[in-house]
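> My questions all concern the structure below.
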Amino acid sequence: MMGEAWECLIGQSAGREVLLGFASAKALCAASFADVLDEATGLGYQRRLNVRHSLDFRRYIRQPTSSTIPLTLNLRPTDDGVWHLERMPGGRARLHLRSPLQKLFAQVDCQHRLGHMSDVDLVLPFMSFIGLDIREETEVFNVINSKARGLSTSLLDFHDASLIEDLGKERPELYIAMYLRNEPTSPWYQQLDLGGASASGMERRASLRTVQKAVRNFLGRSDIPSTMPVDSVASVVLAFWTAVTLVLPGPWLRPRKHMINKGVGVYALMEIAADLVREASGEVSVRYFSACLSDFAVDFDWSSDGPLRGLGGESGVREAVSLLRNKRKQYTMRAIGNG
């Protein structure tokens with residue numbers, strides 16, 4: 001037996017059937033949830049809550065002349081009868097809820113508006129999709145939020161990685177970045193910030209978007225044949241970063257005090273990786289990369305107070321690459337002079 005009924009209108013939002021209705025913020029909070037991405041398990045898709053953003057909305061919406069566009073929800077499909085939709089004439093519908101406190105709606109685009117509203121009685125409009133599965137829900141979220149200010153681009157990339165059918169063909173740079181994150185032997189294993197809720201104790205080194213863009217630059221400048229299987233290219237990139245950790249274990253293990261695995265360091269090192277691949281005359285392996293890096297990288301100051309301090313943007317990356325190439329050139333000239 002149902003415990004509560006919400007009066008709604010039922011219609012279409014383009015190709016999807018939706019409910020339109022009104023309910024108190026308190027009721028909507030009680031009946032909905034944000035499916036935040038758990039980076040340890042890969043479940044969920046929402047960004048982590050920005051408390052300041054949410055509190056700003058709470059303060060705003062309680063002002064006398066405030067308003068908001070409809071909250072976007074999805075009535076998750078269920079087999080246990082906790083909700084039932086009664087369709088009536090004239091485009092009306094009655095949504096029966098077994099319990100008003102059961103979280104049946106997923107917050108597709110309203111997480112921050114509802115985040116701190118559980119005690120507020122103000123009536124808000126809502127639009128709810130009916131029965132989208134999680135994949136469809138994620139696709140809708142991506143479309144709505146692809147240009148949203150403040151939304152983690154890494155989170156959208158992570159969604160694309162699961163939604164694109166042939167990721168290796170369509171976005172090889174994202175495929176390789178995800179490989180670095182998901183491969184247990186990778187130095188980047190579970191270490192990339194996706195924009196979701198991280199596992200306790202995880203030391204973040206860089207974002208998925210940063211590594212993806214660095215890989216894209218590498219692909220464009222390393223002269224790797226376009227016919228090479230993407231898995232083979234991923235193995236080359238993995239070999240390079242494995243060599244980095246072998247040659248520079250101190251800076252790698254202390255990311256807060258070094259630039260080696262922050263944005264500018266990642267971009268610059270991937271440029272050096274492209275140089276090394278172009279120059280290789282034999283097998284490109286961990287041994288090859290390690291030998292090349294040990295010649296100059298160990299003498300470079302990777303600390304947060306070193307020459308990379310304050311460098312950012314494209315010009316900063318160019319300067320960082322120039323510094324590393326000059327360091328390598330100095331070693332080569334010394335080696336020739338000593339020879």
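Following the order of the structure tokens, chains are lettered A, B, ..., residues in each are numbered from 1, and ligands are numbered from 1.
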Got a sec: who's within 7 Å of Leu73 in chain A, counting only C-alpha atoms, leaving out chain neighbours fewer than 5 positions off, as a ChimeraX atom specification?

/A:105-109,127-129

> Output all heavy atoms for every residue in the selection just made, as an mmCIF file, in the first residue's frame.


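What follows is the written file result.cif:
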```cif
data_model
loop_
_atom_site.group_PDB
_atom_site.id
_atom_site.type_symbol
_atom_site.label_atom_id
_atom_site.label_comp_id
_atom_site.auth_asym_id
_atom_site.auth_seq_id
_atom_site.Cartn_x
_atom_site.Cartn_y
_atom_site.Cartn_z
ATOM 1 N N PHE A 105 14.431 8.898 -6.297
ATOM 2 C CA PHE A 105 14.877 9.751 -7.395
ATOM 3 C C PHE A 105 16.385 9.929 -7.349
ATOM 4 O O PHE A 105 16.951 10.216 -6.287
ATOM 5 C CB PHE A 105 14.252 11.147 -7.289
ATOM 6 C CG PHE A 105 12.764 11.206 -7.459
ATOM 7 C CD1 PHE A 105 11.925 11.180 -6.351
ATOM 8 C CD2 PHE A 105 12.196 11.322 -8.720
ATOM 9 C CE1 PHE A 105 10.561 11.268 -6.493
ATOM 10 C CE2 PHE A 105 10.824 11.403 -8.868
ATOM 11 C CZ PHE A 105 9.997 11.373 -7.756
ATOM 12 N N ALA A 106 17.034 9.797 -8.495
ATOM 13 C CA ALA A 106 18.445 10.164 -8.612
ATOM 14 C C ALA A 106 18.520 11.629 -9.018
ATOM 15 O O ALA A 106 17.767 12.080 -9.885
ATOM 16 C CB ALA A 106 19.141 9.294 -9.644
ATOM 17 N N GLN A 107 19.413 12.363 -8.394
ATOM 18 C CA GLN A 107 19.569 13.790 -8.683
ATOM 19 C C GLN A 107 20.468 13.962 -9.911
ATOM 20 O O GLN A 107 21.690 13.960 -9.806
ATOM 21 C CB GLN A 107 20.160 14.508 -7.476
ATOM 22 C CG GLN A 107 19.288 14.449 -6.243
ATOM 23 C CD GLN A 107 19.988 14.959 -4.997
ATOM 24 O OE1 GLN A 107 21.123 15.419 -5.049
ATOM 25 N NE2 GLN A 107 19.315 14.861 -3.852
ATOM 26 N N VAL A 108 19.852 14.123 -11.068
ATOM 27 C CA VAL A 108 20.617 14.230 -12.307
ATOM 28 C C VAL A 108 21.268 15.607 -12.431
ATOM 29 O O VAL A 108 22.446 15.723 -12.751
ATOM 30 C CB VAL A 108 19.715 13.950 -13.529
ATOM 31 C CG1 VAL A 108 20.512 14.071 -14.826
ATOM 32 C CG2 VAL A 108 19.092 12.567 -13.417
ATOM 33 N N ASP A 109 20.491 16.648 -12.171
ATOM 34 C CA ASP A 109 21.032 18.003 -12.247
ATOM 35 C C ASP A 109 20.395 18.866 -11.162
ATOM 36 O O ASP A 109 19.566 19.722 -11.450
ATOM 37 C CB ASP A 109 20.788 18.627 -13.625
ATOM 38 C CG ASP A 109 21.478 19.985 -13.762
ATOM 39 O OD1 ASP A 109 22.571 20.138 -13.224
ATOM 40 O OD2 ASP A 109 20.898 20.882 -14.401
ATOM 41 N N MET A 127 11.459 18.289 -12.667
ATOM 42 C CA MET A 127 11.189 17.467 -13.844
ATOM 43 C C MET A 127 11.903 16.150 -13.634
ATOM 44 O O MET A 127 13.098 16.139 -13.316
ATOM 45 C CB MET A 127 11.692 18.123 -15.128
ATOM 46 C CG MET A 127 11.372 17.299 -16.387
ATOM 47 S SD MET A 127 12.232 17.877 -17.864
ATOM 48 C CE MET A 127 13.833 17.083 -17.644
ATOM 49 N N SER A 128 11.189 15.054 -13.783
ATOM 50 C CA SER A 128 11.811 13.752 -13.560
ATOM 51 C C SER A 128 11.652 12.858 -14.783
ATOM 52 O O SER A 128 10.553 12.690 -15.308
ATOM 53 C CB SER A 128 11.182 13.052 -12.349
ATOM 54 O OG SER A 128 11.762 11.768 -12.177
ATOM 55 N N PHE A 129 12.767 12.313 -15.237
ATOM 56 C CA PHE A 129 12.701 11.244 -16.222
ATOM 57 C C PHE A 129 12.095 10.019 -15.538
ATOM 58 O O PHE A 129 12.110 9.905 -14.307
ATOM 59 C CB PHE A 129 14.092 10.921 -16.763
ATOM 60 C CG PHE A 129 14.706 12.052 -17.548
ATOM 61 C CD1 PHE A 129 15.608 12.919 -16.952
ATOM 62 C CD2 PHE A 129 14.375 12.253 -18.868
ATOM 63 C CE1 PHE A 129 16.170 13.972 -17.663
ATOM 64 C CE2 PHE A 129 14.930 13.293 -19.610
ATOM 65 C CZ PHE A 129 15.828 14.164 -18.994
#
```

> Do you know which residues are at most 9 Å from Tyr288 in chain A counting only C-alpha atoms, after dropping those on the same chain fewer than 6 positions away, and could you put them as a PyMOL selection string?

chain A and resi 240+243+276+280+282

> If DSSP is run on the backbone, what residues of range 205-332 of chain A are alpha helix (DSSP H)? A reply as a count of residues only would be ideal.

83

> When distances are computed from only C-alpha atoms, which of A:Val244, A:Arg287, A:Gly131, A:His96 shows the smallest separation from Asp79 in chain A?

A:Gly131

> DSSP on the backbone, then: every residue of range 193-250 of chain A marked strand (DSSP E or B), written as a PyMOL selection string.

chain A and resi 193+197+206-207

> For the selection you just gave me, I'd like the residues written to a file as an mmCIF file, in the first residue's frame, keeping all heavy atoms.


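In the end it all went to again34.cif:
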```cif
data_model
loop_
_atom_site.group_PDB
_atom_site.id
_atom_site.type_symbol
_atom_site.label_atom_id
_atom_site.label_comp_id
_atom_site.auth_asym_id
_atom_site.auth_seq_id
_atom_site.Cartn_x
_atom_site.Cartn_y
_atom_site.Cartn_z
ATOM 1 N N ASP A 193 42.865 11.924 -10.290
ATOM 2 C CA ASP A 193 41.659 12.566 -9.770
ATOM 3 C C ASP A 193 40.594 12.570 -10.860
ATOM 4 O O ASP A 193 40.787 13.136 -11.933
ATOM 5 C CB ASP A 193 41.992 14.002 -9.338
ATOM 6 C CG ASP A 193 40.846 14.664 -8.601
ATOM 7 O OD1 ASP A 193 39.735 14.105 -8.601
ATOM 8 O OD2 ASP A 193 41.058 15.740 -8.023
ATOM 9 N N ALA A 197 34.254 11.005 -5.446
ATOM 10 C CA ALA A 197 34.670 10.812 -4.055
ATOM 11 C C ALA A 197 35.838 9.834 -4.036
ATOM 12 O O ALA A 197 35.715 8.692 -4.478
ATOM 13 C CB ALA A 197 33.514 10.267 -3.221
ATOM 14 N N ALA A 206 47.690 13.755 -10.206
ATOM 15 C CA ALA A 206 47.248 14.588 -11.324
ATOM 16 C C ALA A 206 45.819 14.181 -11.654
ATOM 17 O O ALA A 206 45.296 13.185 -11.156
ATOM 18 C CB ALA A 206 48.170 14.403 -12.531
ATOM 19 N N SER A 207 45.184 14.955 -12.513
ATOM 20 C CA SER A 207 43.820 14.624 -12.923
ATOM 21 C C SER A 207 43.837 13.762 -14.175
ATOM 22 O O SER A 207 44.821 13.734 -14.928
ATOM 23 C CB SER A 207 43.021 15.899 -13.196
ATOM 24 O OG SER A 207 43.505 16.536 -14.375
#
```

> Pick out the residues sitting within 12 Å of Arg76 in chain A, and hand them over as a PyMOL selection string; count only C-alpha atoms, and ignore anything fewer than 2 positions along from it in its own chain.

chain A and resi 31-33+35+73-74+78-84+102-108+128-137

> Need the shell around Ala23 in chain A: protein/DNA/RNA residues with any atom at most 7 Å away, counting only C-alpha atoms. Skip same-chain ones fewer than 6 positions apart. Format as a compact mmCIF listing (two decimals) with all heavy atoms, in the first residue's frame?


```txt
# COMPACT_ATOMS: atom_id res chain seq x y z
N VAL A 123 8.58 25.40 -1.72
CA VAL A 123 8.15 24.55 -2.82
C VAL A 123 9.02 24.84 -4.05
O VAL A 123 9.27 25.99 -4.40
CB VAL A 123 6.67 24.80 -3.17
CG1 VAL A 123 6.28 24.05 -4.44
CG2 VAL A 123 5.79 24.35 -2.01
N LEU A 124 9.51 23.76 -4.68
CA LEU A 124 10.36 23.87 -5.86
C LEU A 124 9.78 23.05 -7.00
O LEU A 124 9.16 22.01 -6.77
CB LEU A 124 11.77 23.37 -5.54
CG LEU A 124 12.54 24.10 -4.43
CD1 LEU A 124 13.87 23.41 -4.19
CD2 LEU A 124 12.76 25.56 -4.79
N PRO A 125 9.99 23.49 -8.25
CA PRO A 125 9.54 22.70 -9.39
C PRO A 125 10.55 21.60 -9.69
O PRO A 125 11.75 21.74 -9.44
CB PRO A 125 9.50 23.73 -10.53
CG PRO A 125 10.60 24.68 -10.19
CD PRO A 125 10.61 24.77 -8.67
```

> Can you tell me, as a ChimeraX atom specification, what residues are no more than 12 Å from Arg221 in chain A when counting only C-alpha atoms, ignoring any on the same chain fewer than 6 positions away?

/A:214-215,270-279

> Taking 6 positions as the minimum chain separation for residues in the same chain, which residues sit within 10 Å of Asn326 in chain A when counting only C-alpha atoms? Answer as a ChimeraX atom specification.

/A:296,320,332

> Selection from above, all heavy atoms, as a PDB file, in the first residue's frame, can you write it?


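Saved as again-v8.pdb:
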```pdb
ATOM      1  N   PHE A 296      70.186  12.562 -17.212  1.00  0.00           N
ATOM      2  CA  PHE A 296      70.011  13.994 -16.944  1.00  0.00           C
ATOM      3  C   PHE A 296      68.930  14.312 -15.911  1.00  0.00           C
ATOM      4  O   PHE A 296      69.033  15.302 -15.182  1.00  0.00           O
ATOM      5  CB  PHE A 296      69.677  14.743 -18.240  1.00  0.00           C
ATOM      6  CG  PHE A 296      68.302  14.452 -18.771  1.00  0.00           C
ATOM      7  CD1 PHE A 296      67.248  15.325 -18.522  1.00  0.00           C
ATOM      8  CD2 PHE A 296      68.042  13.295 -19.504  1.00  0.00           C
ATOM      9  CE1 PHE A 296      65.978  15.065 -19.010  1.00  0.00           C
ATOM     10  CE2 PHE A 296      66.773  13.031 -19.988  1.00  0.00           C
ATOM     11  CZ  PHE A 296      65.732  13.910 -19.739  1.00  0.00           C
ATOM     12  N   ALA A 320      59.179  24.749 -19.360  1.00  0.00           N
ATOM     13  CA  ALA A 320      59.610  23.551 -18.642  1.00  0.00           C
ATOM     14  C   ALA A 320      60.287  22.560 -19.584  1.00  0.00           C
ATOM     15  O   ALA A 320      61.327  21.967 -19.246  1.00  0.00           O
ATOM     16  CB  ALA A 320      58.404  22.890 -17.966  1.00  0.00           C
ATOM     17  N   THR A 332      74.809  15.679 -22.658  1.00  0.00           N
ATOM     18  CA  THR A 332      75.333  15.124 -23.907  1.00  0.00           C
ATOM     19  C   THR A 332      76.658  15.791 -24.277  1.00  0.00           C
ATOM     20  O   THR A 332      77.612  15.108 -24.689  1.00  0.00           O
ATOM     21  CB  THR A 332      74.316  15.314 -25.047  1.00  0.00           C
ATOM     22  OG1 THR A 332      73.082  14.691 -24.683  1.00  0.00           O
ATOM     23  CG2 THR A 332      74.818  14.702 -26.334  1.00  0.00           C
TER      24      THR A 332
END
```
